[in-house]
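Pasted below: entry.txt, compact mmCIF, C-alpha atoms and all ligand atoms.
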# COMPACT_ATOMS: atom_id res chain seq x y z
CA MET H 3 0.00 0.00 0.00
CA SER H 4 1.37 3.46 -0.89
CA ARG H 5 -0.95 5.93 0.75
CA PHE H 6 1.79 8.60 0.84
CA GLU H 7 3.31 8.33 -2.64
CA GLY H 8 4.44 11.83 -3.65
CA LYS H 9 3.77 13.21 -0.16
CA VAL H 10 6.16 14.69 2.37
CA ALA H 11 6.08 13.82 6.08
CA LEU H 12 7.90 15.41 9.00
CA VAL H 13 8.61 13.62 12.29
CA THR H 14 10.08 15.46 15.27
CA GLY H 15 11.93 13.19 17.66
CA GLY H 16 12.33 10.77 14.76
CA GLY H 17 15.71 9.50 15.90
CA SER H 18 14.27 7.08 18.43
CA GLY H 19 11.31 5.08 19.74
CA ILE H 20 7.84 5.98 18.48
CA GLY H 21 9.19 8.71 16.18
CA ARG H 22 11.60 6.35 14.42
CA ALA H 23 8.89 3.69 13.95
CA THR H 24 6.56 6.32 12.49
CA ALA H 25 9.21 7.73 10.16
CA LEU H 26 9.88 4.20 8.86
CA LYS H 27 6.17 3.58 8.36
CA PHE H 28 5.61 6.86 6.48
CA ALA H 29 8.56 6.03 4.23
CA SER H 30 7.35 2.47 3.62
CA GLU H 31 4.11 3.98 2.34
CA GLY H 32 5.89 6.19 -0.16
CA ALA H 33 6.45 9.47 1.73
CA SER H 34 9.67 11.46 1.66
CA VAL H 35 10.45 11.87 5.35
CA VAL H 36 12.35 14.53 7.28
CA ILE H 37 13.56 13.66 10.77
CA GLY H 38 14.04 16.53 13.24
CA ASN H 39 15.71 15.90 16.56
CA ARG H 40 18.85 17.07 18.35
CA ASN H 41 21.04 13.96 18.24
CA GLU H 42 22.51 13.77 14.75
CA LYS H 43 23.75 10.17 15.07
CA ALA H 44 20.30 8.89 16.09
CA GLY H 45 18.54 10.94 13.42
CA GLN H 46 20.96 9.77 10.74
CA GLU H 47 20.45 6.13 11.84
CA THR H 48 16.74 6.49 11.10
CA VAL H 49 17.57 8.02 7.72
CA ASP H 50 19.93 5.12 6.97
CA LEU H 51 17.27 2.55 7.90
CA ILE H 52 14.79 4.25 5.56
CA GLN H 53 17.28 4.51 2.70
CA GLN H 54 18.39 0.88 3.13
CA ALA H 55 14.73 -0.10 2.69
CA GLY H 56 14.57 1.94 -0.53
CA GLY H 57 12.84 5.02 0.90
CA LYS H 58 13.62 8.75 0.84
CA ALA H 59 14.60 10.58 4.02
CA SER H 60 16.89 13.18 5.51
CA PHE H 61 17.82 14.50 8.92
CA TYR H 62 17.73 18.14 10.01
CA GLN H 63 19.13 18.89 13.44
CA THR H 64 16.40 20.56 15.47
CA ASP H 65 15.72 21.55 19.04
CA VAL H 66 11.94 22.00 19.18
CA THR H 67 12.24 24.42 22.12
CA LYS H 68 13.80 26.99 19.75
CA LEU H 69 11.42 28.70 17.33
CA ASP H 70 14.13 29.49 14.78
CA ASN H 71 15.16 25.79 14.74
CA VAL H 72 11.58 24.76 13.99
CA GLN H 73 11.18 27.45 11.32
CA ASN H 74 14.39 26.24 9.68
CA LEU H 75 13.19 22.61 9.86
CA ILE H 76 10.00 23.45 7.97
CA LYS H 77 11.93 25.53 5.42
CA TYR H 78 14.43 22.70 4.92
CA THR H 79 11.59 20.20 4.44
CA VAL H 80 9.77 22.31 1.87
CA ASP H 81 12.96 23.33 0.04
CA SER H 82 14.20 19.72 -0.09
CA TYR H 83 11.02 17.89 -1.07
CA GLY H 84 8.65 20.56 -2.38
CA GLY H 85 6.01 20.53 0.34
CA LEU H 86 4.76 19.32 3.70
CA HIS H 87 1.64 17.16 3.83
CA ALA H 88 1.86 15.31 7.15
CA ALA H 89 3.56 16.19 10.43
CA PHE H 90 4.00 14.13 13.59
CA ASN H 91 4.94 16.40 16.50
CA ASN H 92 6.38 13.68 18.66
CA ALA H 93 9.52 15.03 20.39
CA GLY H 94 9.11 14.72 24.13
CA VAL H 95 10.84 14.21 27.45
CA GLU H 96 9.80 12.61 30.74
CA ASP H 97 10.31 13.85 34.29
CA PRO H 98 12.00 12.17 37.27
CA GLU H 99 9.61 10.65 39.80
CA ALA H 100 8.85 13.08 42.65
CA MET H 101 5.82 14.31 44.55
CA THR H 102 4.30 17.46 43.10
CA PRO H 103 5.87 19.92 45.60
CA ASP H 104 9.26 18.24 45.18
CA GLN H 105 9.51 18.58 41.41
CA THR H 106 12.11 21.23 40.56
CA GLU H 107 11.54 24.37 38.55
CA ASP H 108 14.19 23.20 36.08
CA THR H 109 12.27 19.97 35.45
CA PHE H 110 8.98 21.80 35.12
CA ASP H 111 10.43 24.29 32.63
CA LEU H 112 12.20 21.61 30.57
CA VAL H 113 9.15 19.36 30.31
CA MET H 114 6.85 22.26 29.42
CA ASN H 115 9.33 23.69 26.91
CA VAL H 116 9.81 20.44 25.00
CA ASN H 117 6.40 18.81 25.35
CA VAL H 118 4.14 21.86 25.13
CA LYS H 119 6.01 24.79 23.62
CA GLY H 120 7.75 22.45 21.17
CA VAL H 121 4.37 21.18 19.93
CA TRP H 122 3.02 24.72 19.72
CA TYR H 123 6.08 25.97 17.79
CA SER H 124 5.79 22.99 15.45
CA MET H 125 2.08 23.55 14.77
CA LYS H 126 2.67 27.29 14.37
CA CYS H 127 5.12 26.72 11.48
CA GLU H 128 3.35 23.70 9.97
CA ILE H 129 -0.08 25.38 9.91
CA GLU H 130 1.38 28.49 8.30
CA HIS H 131 2.80 26.38 5.47
CA MET H 132 -0.23 24.09 5.09
CA LEU H 133 -2.68 27.02 5.02
CA ALA H 134 -0.83 28.57 2.11
CA ASN H 135 -0.43 25.24 0.28
CA GLY H 136 -3.72 23.40 0.22
CA GLY H 137 -3.87 21.84 3.69
CA GLY H 138 -2.44 18.78 5.39
CA ALA H 139 -2.65 16.61 8.49
CA ILE H 140 -0.95 17.04 11.85
CA VAL H 141 -0.72 14.55 14.72
CA ASN H 142 0.63 15.52 18.13
CA ASN H 143 1.96 12.96 20.59
CA SER H 144 0.10 13.25 23.88
CA SER H 145 -0.19 10.21 26.18
CA ILE H 146 -2.62 8.46 28.47
CA ALA H 147 -0.96 10.92 30.88
CA GLY H 148 -2.93 13.52 28.92
CA LEU H 149 -6.17 11.86 30.03
CA ILE H 150 -5.62 10.78 33.63
CA GLY H 151 -3.40 11.63 36.59
CA TYR H 152 -0.27 9.62 37.39
CA PRO H 153 1.25 10.15 40.85
CA GLY H 154 4.90 11.24 40.87
CA HIS H 155 4.87 12.85 37.43
CA ALA H 156 2.94 16.14 37.67
CA PRO H 157 4.97 18.11 35.09
CA TYR H 158 4.74 15.32 32.49
CA VAL H 159 1.02 14.76 33.13
CA ALA H 160 0.33 18.51 32.94
CA SER H 161 2.31 18.78 29.70
CA LYS H 162 0.43 15.94 28.04
CA HIS H 163 -2.97 17.38 29.08
CA ALA H 164 -1.80 20.64 27.49
CA VAL H 165 -0.95 18.85 24.23
CA LEU H 166 -4.57 17.71 23.97
CA GLY H 167 -5.77 21.27 24.65
CA LEU H 168 -3.53 22.63 21.90
CA THR H 169 -4.65 19.85 19.55
CA LYS H 170 -8.39 20.36 20.01
CA THR H 171 -8.19 24.15 19.81
CA ALA H 172 -6.05 24.30 16.68
CA ALA H 173 -8.20 21.55 15.10
CA LEU H 174 -11.33 23.65 15.56
CA GLU H 175 -9.61 26.79 14.27
CA TYR H 176 -8.59 25.15 10.95
CA ALA H 177 -11.41 22.60 10.54
CA LYS H 178 -12.78 24.30 7.43
CA GLN H 179 -9.40 25.06 5.88
CA GLY H 180 -8.19 21.60 4.94
CA ILE H 181 -5.97 20.99 7.93
CA ARG H 182 -6.87 18.03 10.15
CA ILE H 183 -5.22 18.05 13.55
CA ASN H 184 -5.39 15.11 15.97
CA ALA H 185 -3.36 13.52 18.74
CA VAL H 186 -2.41 10.04 19.85
CA CYS H 187 -2.50 9.01 23.51
CA PRO H 188 -0.21 5.99 23.89
CA GLY H 189 -0.05 3.79 26.97
CA GLY H 190 3.31 2.42 28.09
CA ILE H 191 5.41 1.78 24.98
CA GLU H 192 8.78 0.01 24.90
CA THR H 193 11.15 2.91 24.15
CA PRO H 194 14.15 4.58 25.79
CA LEU H 195 11.77 7.13 27.33
CA LEU H 196 9.94 4.39 29.21
CA ASP H 197 13.30 3.08 30.46
CA SER H 198 14.01 6.55 31.90
CA PHE H 199 10.47 6.89 33.24
CA THR H 200 10.95 3.65 35.18
CA SER H 201 14.58 4.53 36.08
CA ASN H 202 15.49 1.21 34.41
CA ASP H 203 13.96 -0.52 37.45
CA ASN H 204 12.47 -3.88 36.55
CA ALA H 205 9.91 -3.88 39.37
CA THR H 206 8.58 -0.47 38.27
CA ARG H 207 8.46 -1.66 34.67
CA GLU H 208 6.52 -4.79 35.71
CA TYR H 209 4.14 -2.62 37.74
CA ILE H 210 3.47 -0.36 34.73
CA LYS H 211 3.01 -3.45 32.56
CA SER H 212 0.45 -4.80 35.05
CA LEU H 213 -1.66 -1.65 34.59
CA HIS H 214 -2.29 -2.67 30.97
CA PRO H 215 -5.17 -5.20 30.85
CA ILE H 216 -3.72 -6.69 27.65
CA GLY H 217 -0.84 -7.97 29.80
CA ARG H 218 2.09 -6.32 28.02
CA LEU H 219 3.58 -2.98 27.05
CA GLY H 220 2.96 -1.53 23.60
CA LYS H 221 5.40 -1.45 20.69
CA PRO H 222 6.39 1.71 18.79
CA ASP H 223 4.92 0.22 15.59
CA GLU H 224 1.49 0.03 17.21
CA ILE H 225 1.53 3.83 17.62
CA ALA H 226 3.09 4.43 14.20
CA ASP H 227 0.20 2.59 12.52
CA ALA H 228 -2.32 4.92 14.17
CA VAL H 229 -0.35 8.09 13.35
CA VAL H 230 0.03 7.18 9.69
CA TRP H 231 -3.67 6.28 9.48
CA LEU H 232 -4.63 9.60 11.09
CA CYS H 233 -2.56 11.42 8.45
CA SER H 234 -4.08 9.39 5.60
CA ASP H 235 -7.23 10.08 3.59
CA GLU H 236 -8.83 7.11 5.36
CA ALA H 237 -9.16 9.37 8.41
CA SER H 238 -10.68 12.26 6.44
CA PHE H 239 -13.53 12.77 8.96
CA VAL H 240 -11.37 12.48 12.11
CA LEU H 241 -10.56 15.86 13.64
CA GLY H 242 -9.66 17.21 17.07
CA GLN H 243 -9.37 13.75 18.65
CA GLY H 244 -6.92 12.16 21.03
CA ILE H 245 -6.83 8.51 19.89
CA THR H 246 -6.05 6.27 22.84
CA ILE H 247 -3.81 3.27 22.11
CA ASP H 248 -3.12 1.72 25.48
CA GLY H 249 -3.91 -2.00 25.72
CA GLY H 250 -6.95 -1.10 27.81
CA PHE H 251 -5.11 0.96 30.48
CA THR H 252 -7.75 3.71 30.58
CA ALA H 253 -10.74 1.39 30.04
CA ILE H 254 -10.81 0.30 33.68
P1 LIG H 301 12.31 8.38 22.98
O1 LIG H 301 12.71 7.16 22.26
O2 LIG H 301 13.11 8.87 24.13
O3 LIG H 301 12.12 9.55 21.91
C1 LIG H 301 12.02 10.90 22.26
C2 LIG H 301 12.51 11.69 21.08
O4 LIG H 301 12.30 13.09 21.36
C3 LIG H 301 14.00 11.50 20.82
O5 LIG H 301 14.19 11.29 19.43
C4 LIG H 301 14.60 12.83 21.24
O6 LIG H 301 15.73 13.10 20.44
C5 LIG H 301 13.45 13.79 20.95
N1 LIG H 301 13.59 15.05 21.67
C6 LIG H 301 13.63 15.24 23.01
N2 LIG H 301 13.81 16.55 23.27
C7 LIG H 301 13.87 17.19 22.07
C8 LIG H 301 14.03 18.53 21.68
N3 LIG H 301 14.18 19.52 22.57
N4 LIG H 301 14.03 18.83 20.35
C9 LIG H 301 13.89 17.85 19.42
N5 LIG H 301 13.73 16.56 19.74
C10 LIG H 301 13.72 16.23 21.05
O7 LIG H 301 10.85 8.19 23.58
P2 LIG H 301 9.42 7.85 22.95
O8 LIG H 301 8.75 7.04 23.97
O9 LIG H 301 9.52 7.38 21.57
O10 LIG H 301 8.76 9.30 23.00
C11 LIG H 301 8.18 9.93 21.91
C12 LIG H 301 6.92 10.64 22.38
O11 LIG H 301 5.98 9.66 22.82
C13 LIG H 301 7.12 11.60 23.56
O12 LIG H 301 6.41 12.79 23.32
C14 LIG H 301 6.51 10.85 24.72
O13 LIG H 301 6.04 11.69 25.73
C15 LIG H 301 5.39 10.11 24.02
N6 LIG H 301 4.87 8.96 24.78
C16 LIG H 301 5.69 7.91 25.08
C17 LIG H 301 5.16 6.84 25.80
C18 LIG H 301 6.00 5.65 26.18
O14 LIG H 301 5.58 4.85 27.03
N7 LIG H 301 7.18 5.45 25.60
C19 LIG H 301 3.82 6.86 26.20
C20 LIG H 301 3.03 7.94 25.87
C21 LIG H 301 3.56 8.99 25.14
P3 LIG H 301 16.96 14.04 20.90
O15 LIG H 301 17.18 13.79 22.36
O16 LIG H 301 18.05 13.66 19.99
O17 LIG H 301 16.52 15.43 20.61

What's the structure tokens form of this structure?
Ligand code: NAP
Amino acid sequence: MSRFEGKVALVTGGGSGIGRATALKFASEGASVVIGNRNEKAGQETVDLIQQAGGKASFYQTDVTKLDNVQNLIKYTVDSYGGLHAAFNNAGVEDPEAMTPDQTEDTFDLVMNVNVKGVWYSMKCEIEHMLANGGGAIVNNSSIAGLIGYPGHAPYVASKHAVLGLTKTAALEYAKQGIRINAVCPGGIETPLLDSFTSNDNATREYIKSLHPIGRLGKPDEIADAVVWLCSDEASFVLGQGITIDGGFTAI
């Protein structure tokens, strides 16, 4: 299936985890893909994987907390491939476990800057381009932490609730102008971020696993499939949603 033949997709945080899986999936469906994250080696590895599989991709070093970096990323994408049709605003960081009063201001600022301001900066530049060029689809990466509380992680939970607020508001603003904006809300997914979230502690990991009625953690590909579908014409009537993909975590 080549739902994205001739299309251009952008993935922030595409050097790892869910972002890498999504970049690979977009490319396997025909899209030219631009990866934007800070770590050049990781970003280039994703590019290499795509090219080895016969796809088109490039890396552009980007810190999503810096507006000029994001503006340059969009310009690079459009200049290199002639457009931008789908964007996955996925770059994100976790916070160390601590009770709400014990979280530090540095943690709070970092998490908000990457997870919230980074998504806002990304949408700001993507929408500007899509509005002037016939529309497109945007997916932001929230979390089940955008839907429920999770003790010990107030900054992360607050940031992911904010991502859903940004998603729904922007979706309503551009609903009639050919830009569909949605979010995904993953449960626990096997990525480096989850390793940090659990401090690489096996008991904590097993506890998080036990919260998923399906009896396992999710895989990055299981989120990638939903993101690519949301950006495809098959999801043409889906707008302003946070699609939960969590093995039943929030169904209880
Ligand atoms: P990951 O493998 O650690 O990926 C995070 C990516 O974000 C990395 O590529 C990282 O690259 C990038 N990033 C971080 N800060 C950045 C910045 N300032 N500018 C640009 N890129 C930045 O973890 P992941 O689990 O795939 O996380 C991806 C997204 O999924 C995050 O938004 C996360 O909150 C969300 N999520 C994850 C889970 C889970 O259980 N894994 C569940 C729900 C939601 P650099 O460090 O090189 O920049």

For region 19-25 of chain H, find every residue with an atom within 10 Å (counting all atoms listed in the file), except residues of its own chain fewer than 3 positions away, and show them as a ChimeraX atom specification. /H:11-16,28-30,33-39,44-45,47-49,51-52,59,90-94,143,188,191-196,221-230

Name all residues at most 9 Å from Ser124 (chain H) (count all atoms listed in the file; drop same-chain ones fewer than 2 positions away) and give them as a list in words. Thr14, Val66, Leu69, Val72, Gln73, Ile76, Ala89, Asn91, Lys119, Gly120, Val121, Trp122, Lys126, Cys127, Glu128 and Ile129 of chain H

Now that the selection is made, can you save its residues with C-alpha atoms as a CSV table (one decimal), keeping the file's coordinate frame?
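Contents of again.csv, freshly written:
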chain,number,residue,atom,x,y,z
H,14,THR,CA,10.1,15.5,15.3
H,66,VAL,CA,11.9,22.0,19.2
H,69,LEU,CA,11.4,28.7,17.3
H,72,VAL,CA,11.6,24.8,14.0
H,73,GLN,CA,11.2,27.4,11.3
H,76,ILE,CA,10.0,23.4,8.0
H,89,ALA,CA,3.6,16.2,10.4
H,91,ASN,CA,4.9,16.4,16.5
H,119,LYS,CA,6.0,24.8,23.6
H,120,GLY,CA,7.8,22.4,21.2
H,121,VAL,CA,4.4,21.2,19.9
H,122,TRP,CA,3.0,24.7,19.7
H,126,LYS,CA,2.7,27.3,14.4
H,127,CYS,CA,5.1,26.7,11.5
H,128,GLU,CA,3.4,23.7,10.0
H,129,ILE,CA,-0.1,25.4,9.9

Expected axis-aligned box over every listed atom of ligand LIG 301 (chain H), 6 Å added per side, centre plus edges in Å to one decimal, as JSON:
{"center_x": 10.5, "center_y": 12.2, "center_z": 23.2, "size_x": 27.0, "size_y": 26.7, "size_z": 19.6}

H:Ala164, H:Ala172, H:Ala88, H:Leu75: which is nearest Asp235 (chain H), counting all atoms listed in the file? H:Ala88

Nearest to Leu174 (chain H), chosen from H:Val240, H:Met101, H:Cys187, H:Leu149, with only C-alpha atoms counted in the distances: H:Val240

Atom-to-atom span, atom O10 of ligand LIG 301 (chain H) and CA of Ser18 (chain H), Å: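 Spanning atom O10 of ligand LIG 301 (chain H) to CA of Ser18 (chain H) is a straight-line distance of 7.5 Å.
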
Work out how far CA of Phe199 (chain H) is from CA of Glu99 (chain H), in Å to one decimal.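 Distance between the two atoms: 7.6 Å.
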